[in-house]
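See below for protein07.pdb, which holds PDB, C-alpha atoms.
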```
ATOM      1  CA  MET A   1      60.726  95.621  37.901
ATOM      2  CA  ASN A   2      58.199  94.632  40.480
ATOM      3  CA  ASN A   3      59.846  91.198  40.559
ATOM      4  CA  ASN A   4      63.206  92.693  41.562
ATOM      5  CA  LYS A   5      61.684  94.483  44.541
ATOM      6  CA  THR A   6      60.123  91.258  45.731
ATOM      7  CA  THR A   7      63.421  89.420  45.300
ATOM      8  CA  THR A   8      65.280  92.167  47.178
ATOM      9  CA  ILE A   9      62.748  92.133  50.005
ATOM     10  CA  ALA A  10      62.864  88.305  50.210
ATOM     11  CA  PHE A  11      66.666  88.452  50.259
ATOM     12  CA  GLY A  12      66.480  91.053  53.049
ATOM     13  CA  LYS A  13      64.275  88.765  55.138
ATOM     14  CA  LYS A  14      66.678  85.852  54.660
ATOM     15  CA  THR A  15      69.629  88.027  55.631
ATOM     16  CA  THR A  16      67.774  89.256  58.694
ATOM     17  CA  ALA A  17      66.906  85.681  59.673
ATOM     18  CA  VAL A  18      70.523  84.569  59.235
ATOM     19  CA  LEU A  19      71.822  87.531  61.227
ATOM     20  CA  PHE A  20      69.266  86.898  63.963
ATOM     21  CA  ALA A  21      70.260  83.221  64.162
ATOM     22  CA  PHE A  22      73.956  84.190  64.283
ATOM     23  CA  ALA A  23      73.286  86.737  67.061
ATOM     24  CA  MET A  24      71.396  84.123  69.094
ATOM     25  CA  LEU A  25      74.192  81.586  68.641
ATOM     26  CA  LEU A  26      76.793  84.168  69.645
ATOM     27  CA  SER A  27      74.758  85.138  72.721
ATOM     28  CA  LEU A  28      74.436  81.519  73.821
ATOM     29  CA  THR A  29      78.164  80.988  73.316
ATOM     30  CA  LEU A  30      79.027  84.035  75.407
ATOM     31  CA  ILE A  31      76.614  83.005  78.155
ATOM     32  CA  SER A  32      78.060  79.482  78.332
ATOM     33  CA  CYS A  33      81.610  80.891  78.430
ATOM     34  CA  ASP A  34      80.611  83.149  81.279
ATOM     35  CA  LEU A  35      79.413  80.188  83.324
ATOM     36  CA  ASP A  36      82.790  78.428  83.055
ATOM     37  CA  THR A  37      85.058  81.386  83.714
ATOM     38  CA  SER A  38      86.632  82.182  87.037
ATOM     39  CA  SER A  39      87.213  85.460  88.811
ATOM     40  CA  ASN A  40      90.150  84.053  90.775
ATOM     41  CA  GLY A  41      92.737  85.936  88.739
ATOM     42  CA  LYS A  42      96.294  84.873  89.581
ATOM     43  CA  LEU A  43      95.084  82.371  92.186
ATOM     44  CA  ASP A  44      93.999  79.857  89.536
ATOM     45  CA  GLY A  45      96.698  77.374  88.640
ATOM     46  CA  TYR A  46      99.035  74.734  89.983
ATOM     47  CA  TRP A  47     100.970  75.822  93.090
ATOM     48  CA  ARG A  48     103.820  73.885  94.692
ATOM     49  CA  VAL A  49     104.210  74.202  98.480
ATOM     50  CA  VAL A  50     107.872  75.225  98.881
ATOM     51  CA  SER A  51     108.002  75.725 102.659
ATOM     52  CA  ILE A  52     105.877  76.073 105.777
ATOM     53  CA  ASP A  53     107.053  78.629 108.362
ATOM     54  CA  THR A  54     106.124  78.997 112.008
ATOM     55  CA  VAL A  55     105.954  82.757 112.435
ATOM     56  CA  GLU A  56     106.283  82.804 116.230
ATOM     57  CA  THR A  57     109.401  80.604 116.492
ATOM     58  CA  GLY A  58     110.937  81.399 113.115
ATOM     59  CA  GLY A  59     111.098  77.711 112.257
ATOM     60  CA  THR A  60     110.857  76.591 108.642
ATOM     61  CA  MET A  61     109.986  73.208 107.160
ATOM     62  CA  HIS A  62     111.531  73.158 103.679
ATOM     63  CA  LEU A  63     109.718  70.929 101.248
ATOM     64  CA  ASP A  64     112.301  70.986  98.439
ATOM     65  CA  ASP A  65     112.386  67.194  98.388
ATOM     66  CA  ARG A  66     108.588  66.844  98.263
ATOM     67  CA  LEU A  67     106.168  67.461  95.416
ATOM     68  CA  ILE A  68     103.155  68.834  97.273
ATOM     69  CA  PHE A  69     100.666  70.887  95.268
ATOM     70  CA  TRP A  70      97.548  72.982  95.500
ATOM     71  CA  ALA A  71      95.591  72.940  92.238
ATOM     72  CA  VAL A  72      93.114  75.830  92.053
ATOM     73  CA  GLN A  73      90.346  76.157  89.499
ATOM     74  CA  ASN A  74      87.045  78.003  89.624
ATOM     75  CA  LYS A  75      85.612  77.214  93.107
ATOM     76  CA  LEU A  76      87.501  73.991  93.847
ATOM     77  CA  LEU A  77      90.963  73.366  95.218
ATOM     78  CA  GLN A  78      92.820  70.066  95.284
ATOM     79  CA  PHE A  79      95.683  69.075  97.585
ATOM     80  CA  TYR A  80      97.925  66.579  95.881
ATOM     81  CA  ASP A  81     101.172  64.831  96.859
ATOM     82  CA  ARG A  82     102.973  63.466  93.782
ATOM     83  CA  GLU A  83     104.836  60.916  95.917
ATOM     84  CA  LEU A  84     101.719  59.594  97.656
ATOM     85  CA  LYS A  85      99.509  59.454  94.593
ATOM     86  CA  THR A  86      96.652  57.871  96.521
ATOM     87  CA  ARG A  87      96.420  60.804  98.964
ATOM     88  CA  SER A  88      94.426  63.652  97.494
ATOM     89  CA  TYR A  89      91.887  66.072  98.930
ATOM     90  CA  ILE A  90      89.281  68.233  97.228
ATOM     91  CA  LEU A  91      87.970  71.340  98.964
ATOM     92  CA  ARG A  92      85.718  74.273  98.304
ATOM     93  CA  PHE A  93      87.139  77.742  98.642
ATOM     94  CA  GLU A  94      86.176  81.376  98.463
ATOM     95  CA  LYS A  95      88.487  84.294  97.882
ATOM     96  CA  ILE A  96      87.262  87.637  99.182
ATOM     97  CA  ASN A  97      89.714  90.515  98.876
ATOM     98  CA  SER A  98      92.880  89.388 100.681
ATOM     99  CA  LYS A  99      91.240  86.422 102.454
ATOM    100  CA  LEU A 100      91.163  82.826 101.253
ATOM    101  CA  ARG A 101      88.775  80.470 103.026
ATOM    102  CA  LEU A 102      89.100  76.690 102.532
ATOM    103  CA  TYR A 103      86.269  74.463 103.713
ATOM    104  CA  GLU A 104      84.440  71.146 103.229
ATOM    105  CA  PRO A 105      87.533  69.012 102.574
ATOM    106  CA  ARG A 106      86.916  65.582 101.130
ATOM    107  CA  TYR A 107      89.373  62.715 100.851
ATOM    108  CA  HIS A 108      89.514  61.899  97.152
ATOM    109  CA  LYS A 109      90.246  58.482  95.672
ATOM    110  CA  ALA A 110      89.980  58.066  91.922
ATOM    111  CA  GLN A 111      88.124  54.757  91.933
ATOM    112  CA  SER A 112      85.744  55.317  94.848
ATOM    113  CA  GLU A 113      83.407  57.852  96.411
ATOM    114  CA  ASP A 114      84.905  60.922  98.117
ATOM    115  CA  ILE A 115      84.800  60.860 101.922
ATOM    116  CA  ASP A 116      84.264  63.859 104.244
ATOM    117  CA  VAL A 117      87.371  64.690 106.270
ATOM    118  CA  GLU A 118      86.577  64.693 109.973
ATOM    119  CA  ASN A 119      90.153  64.660 111.330
ATOM    120  CA  PRO A 120      92.365  67.059 109.350
ATOM    121  CA  GLU A 121      95.635  65.716 110.855
ATOM    122  CA  ALA A 122      96.788  64.215 107.523
ATOM    123  CA  MET A 123      96.257  67.573 105.764
ATOM    124  CA  LYS A 124      98.888  69.402 107.846
ATOM    125  CA  ILE A 125     101.573  68.703 105.250
ATOM    126  CA  TYR A 126      99.449  70.768 102.828
ATOM    127  CA  GLY A 127      99.267  73.625 105.333
ATOM    128  CA  MET A 128      95.721  73.016 106.561
ATOM    129  CA  TRP A 129      94.962  71.861 110.096
ATOM    130  CA  ASN A 130      91.229  72.661 110.398
ATOM    131  CA  THR A 131      88.300  71.592 108.246
ATOM    132  CA  ASP A 132      87.361  75.256 107.812
ATOM    133  CA  GLN A 133      90.336  77.580 107.643
ATOM    134  CA  THR A 134      90.905  81.162 106.518
ATOM    135  CA  TYR A 135      94.238  82.485 105.274
ATOM    136  CA  GLU A 136      95.467  86.030 104.782
ATOM    137  CA  ILE A 137      96.898  86.431 101.283
ATOM    138  CA  LEU A 138     100.185  88.210 101.967
ATOM    139  CA  SER A 139     101.443  87.966  98.390
ATOM    140  CA  LEU A 140      99.938  86.699  95.151
ATOM    141  CA  GLY A 141     101.930  87.162  91.972
ATOM    142  CA  SER A 142     102.298  85.360  88.689
ATOM    143  CA  ASP A 143     104.966  82.997  90.086
ATOM    144  CA  LYS A 144     104.806  83.239  93.899
ATOM    145  CA  MET A 145     102.134  83.131  96.616
ATOM    146  CA  ILE A 146     102.399  83.547 100.397
ATOM    147  CA  LEU A 147      99.504  82.720 102.741
ATOM    148  CA  GLU A 148      99.301  83.004 106.519
ATOM    149  CA  SER A 149      96.875  81.584 109.050
ATOM    150  CA  GLU A 150      97.103  81.270 112.834
ATOM    151  CA  GLY A 151     100.867  81.879 112.926
ATOM    152  CA  ILE A 152     101.720  79.528 110.051
ATOM    153  CA  ARG A 153     103.011  80.933 106.764
ATOM    154  CA  LEU A 154     102.822  78.923 103.547
ATOM    155  CA  ASN A 155     105.184  79.726 100.669
ATOM    156  CA  PHE A 156     104.258  78.626  97.162
ATOM    157  CA  LYS A 157     105.843  78.651  93.738
ATOM    158  CA  ARG A 158     103.728  78.413  90.583
ATOM    159  CA  TYR A 159     104.511  75.156  88.855
TER     160      TYR A 159
END
```
Please express what this file holds, its structure, as structure tokens.
Amino acid sequence: MNNNKTTTIAFGKKTTAVLFAFAMLLSLTLISCDLDTSSNGKLDGYWRVVSIDTVETGGTMHLDDRLIFWAVQNKLLQFYDRELKTRSYILRFEKINSKLRLYEPRYHKAQSEDIDVENPEAMKIYGMWNTDQTYEILSLGSDKMILESEGIRLNFKRY
């Protein structure tokens, strides 16, 4: 009878050790998942630039024939033109309430080192004309986004 108590106690220690190890593994898994998640909500994803409007004049540049994208994930954003596959930009961004700030653009080439953008002229087709630019988020839904900055309105469709 004394043997059974010892066996039960030993089994209890093993179970406790296994449960403790499982809890530690689960905690580490949850912590690592937390590091990779984003709080961007509907902003994350692949957005196609559909048109760029000039608010003051009412002019619109339709981009139906172009495949120009903003790819958003975590704290990075990439401008990408499917036709000009060599032209790509990577930027940092921060979203605070209804504001979206893009900054530190870098010209990205797959086989070489990224280069800081000093003259943002080539980024105008993506809707960015400064190296540090803030947009008002006018609309952000599951399939449509509208941004505005300095009298220019960008219309996006989720791809």
Need the shell around A:Ile146: protein/DNA/RNA residues with any atom at most 8 Å away, counting all atoms listed in the file. Skip same-chain ones fewer than 4 positions apart. Format as a PyMOL selection string? chain A and resi 137-140+153-156
Expand the PyMOL selection byres ((chain A and resi 48) around 9) into the individual residues it matches in the shown file, reporting them as a ChimeraX atom specification. /A:46-47,49-50,67-71,155-159
Residues just named, written with C-alpha atoms as a compact mmCIF listing (two decimals), in the frame of the given file:
```txt
# COMPACT_ATOMS: atom_id res chain seq x y z
CA TYR A 46 99.04 74.73 89.98
CA TRP A 47 100.97 75.82 93.09
CA VAL A 49 104.21 74.20 98.48
CA VAL A 50 107.87 75.22 98.88
CA LEU A 67 106.17 67.46 95.42
CA ILE A 68 103.16 68.83 97.27
CA PHE A 69 100.67 70.89 95.27
CA TRP A 70 97.55 72.98 95.50
CA ALA A 71 95.59 72.94 92.24
CA ASN A 155 105.18 79.73 100.67
CA PHE A 156 104.26 78.63 97.16
CA LYS A 157 105.84 78.65 93.74
CA ARG A 158 103.73 78.41 90.58
CA TYR A 159 104.51 75.16 88.86
```
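For the pair atom CA of A:Ser149 and atom CA of A:Gly41, the interatomic distance is 21.2 Å.
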Please, which residues in stretch 122-158 of chain A fall within 10 Å of stretch 90-96 of chain A when counting only C-alpha atoms, and what is the closest atom pair and distance in Å to one decimal for each, ordered by chain then residue number, as a Markdown table?
```
| residue | atom | partner | partner_atom | distance |
| --- | --- | --- | --- | --- |
| A:Thr131 | CA | A:Leu91 | CA | 9.3 |
| A:Asp132 | CA | A:Phe93 | CA | 9.5 |
| A:Gln133 | CA | A:Phe93 | CA | 9.6 |
| A:Thr134 | CA | A:Glu94 | CA | 9.3 |
| A:Tyr135 | CA | A:Lys95 | CA | 9.5 |
| A:Glu136 | CA | A:Lys95 | CA | 10.0 |
| A:Ile137 | CA | A:Lys95 | CA | 9.3 |
```
Using the file's own x, y and z axes, what box holds all listed atoms of stretch 101-114 of chain A with 5 Å on each side, keeping edges along x, y and z, and what are its centre and edge lengths in Å to one decimal, as AutoDock Vina command-line options?
```
--center_x 86.8 --center_y 67.6 --center_z 97.8 --size_x 16.8 --size_y 35.7 --size_z 21.8
```
Output check: residues returned by the PyMOL selection byres ((chain A and resi 104) around 12), as number ranges by chain: A: 75-78, 89-94, 101-103, 105-107, 114-120, 128, 130-133
Length of the atom CA of A:Leu100 to atom CA of A:Leu147 vector [Å]: 8.5 Å
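Picture a line from atom CA of A:Ile52 to atom CA of A:Lys124; it runs 9.9 Å.
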